[in-house]
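Reviewing the structure listed below.
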Amino acid sequence: MIVLPVVFSMAAFGMTLCGGLLAVKLRDRLGILTAFAAGVLIAVPLFDLLPEAIGIAETVGMPVTVVLYISAGGFLFLYILERYVSVHRVCEDGVCQNLRHPKGGWIGAVELSAHSYIDGFAIGLGFRFDARVGLLIAIAVLVHDFSDGLNTVTVMLKSGNSLHSSLRMLILDASAPVLGAVSALFIKVPESYLALILSFFAGGFLYLGAGDLLPEAHENNPPLPSVAASLAGFAVIFIVVRVLHG
């Protein structure tokens, strides 16, 4: 049973890497890719993370409002952090504009990597509980880790980071599920904590998708292609979640 979480987390490593390398290959068409990534990042918390967190909260007797408050906190945390760390207002000859600092991409990519770590941790916990549960969780992680890799590279490149830095963060993101799965074999986390962690990341992802990537995609693309790409991102996550959860 110890081997299975590690095997599936290594598969998640490969899926994340493939998604990120696709984003690198298509970086000259990053506008449409950004719109797609925005749709994915908004859909993941709405269709996956928040329902999962609410389900756990109901199981442990936690009020659902707590999940929503923590999600709002995750949104505001990333919004404030990015606004005051990664965006600088520069004025020249009476004309002012906001310039994005590459740190913003690092912040978003680190949060995505932390989410990948939680994914791996969930695989390990699932197999500790029951082989069938672990297998279902692993399949879910494998399916959406492709988009995690894509999102990590997209967020980094759109924030002005170099390709080299983006690839380093991709490696971190891809490695995170492996570290999570291994650590789950030794660390015991109360279910109530898992609900709070998932809801916090849900809020952060909503900000990244709706407050960061989506405006960027609409600014640099014709309306129809950007809307179509965002809807495609939504559709992919919706179908995956429906298939995996019946």
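Residue numbers start at 1 in each chain; chains themselves are named A, B, ... in the order of the structure tokens; ligands are numbered from 1 in the order shown.
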
For segment 149-154 of chain A, please output as a PDB file with C-alpha atoms, in the first residue's frame all residues within 7 Å (counting only C-alpha atoms; exclusion window: fewer than 5 positions along the same chain).
ATOM      1  CA  THR A  16       2.016  18.344 -14.460  1.00  0.00           C
ATOM      2  CA  LEU A  17       5.223  18.438 -16.467  1.00  0.00           C
ATOM      3  CA  GLY A  19       0.882  20.548 -19.064  1.00  0.00           C
ATOM      4  CA  GLY A  20       3.649  23.009 -18.323  1.00  0.00           C
ATOM      5  CA  LEU A  22       2.641  22.497 -23.564  1.00  0.00           C
ATOM      6  CA  ALA A  23       2.313  26.028 -22.194  1.00  0.00           C
ATOM      7  CA  THR A  34      -4.348  32.613 -20.664  1.00  0.00           C
ATOM      8  CA  ALA A  37      -6.177  28.865 -17.905  1.00  0.00           C
ATOM      9  CA  ALA A 109       2.864  29.732  -8.842  1.00  0.00           C
ATOM     10  CA  LEU A 112      -0.485  26.395  -7.250  1.00  0.00           C
ATOM     11  CA  SER A 166       8.972  29.473 -15.231  1.00  0.00           C
ATOM     12  CA  LEU A 170       7.082  23.984 -13.091  1.00  0.00           C
ATOM     13  CA  ASP A 173       4.851  22.219  -8.967  1.00  0.00           C
TER      14      ASP A 173
END

Checklist entry - If you run DSSP on this backbone, which residues of segment 31-239 of chain A come out as helix (DSSP H, G or I), and could you give them as a ChimeraX atom specification? => result /A:31-60,64-85,103-129,131-158,163-184,191-220,223-239

Next on the checklist: Measuring between only C-alpha atoms, which one of A:Gly108, A:Gly14, A:Gly74, A:Pro5 shows the shortest distance to Leu213 of chain A?
Outcome noted: A:Gly108

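Near Leu33 of chain A, within a cut-off of 9 Å and counting only C-alpha atoms, sit the residues Ala23, Leu26, Arg27, Arg29, Leu30, Gly31, Ala35, Phe36, Ala37, Ala38, Leu150, Asn151, Thr154, Ala217, Ser226, Ala229 and Ser230 of chain A, with same-chain residues fewer than 2 positions away left out.
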
Checklist outcome for this item: From atom CA of Phe205 of chain A to atom CA of Leu41 of chain A the spacing works out at 5.6 Å

Checklist entry - atom CA of Glu219 of chain A to atom CA of Ser159 of chain A: how many Å, to one decimal? => result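 A separation of 14.6 Å between them.
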
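If you look at atom CA of Ile42 of chain A and atom CA of Val60 of chain A, they are 26.4 Å away from each other.
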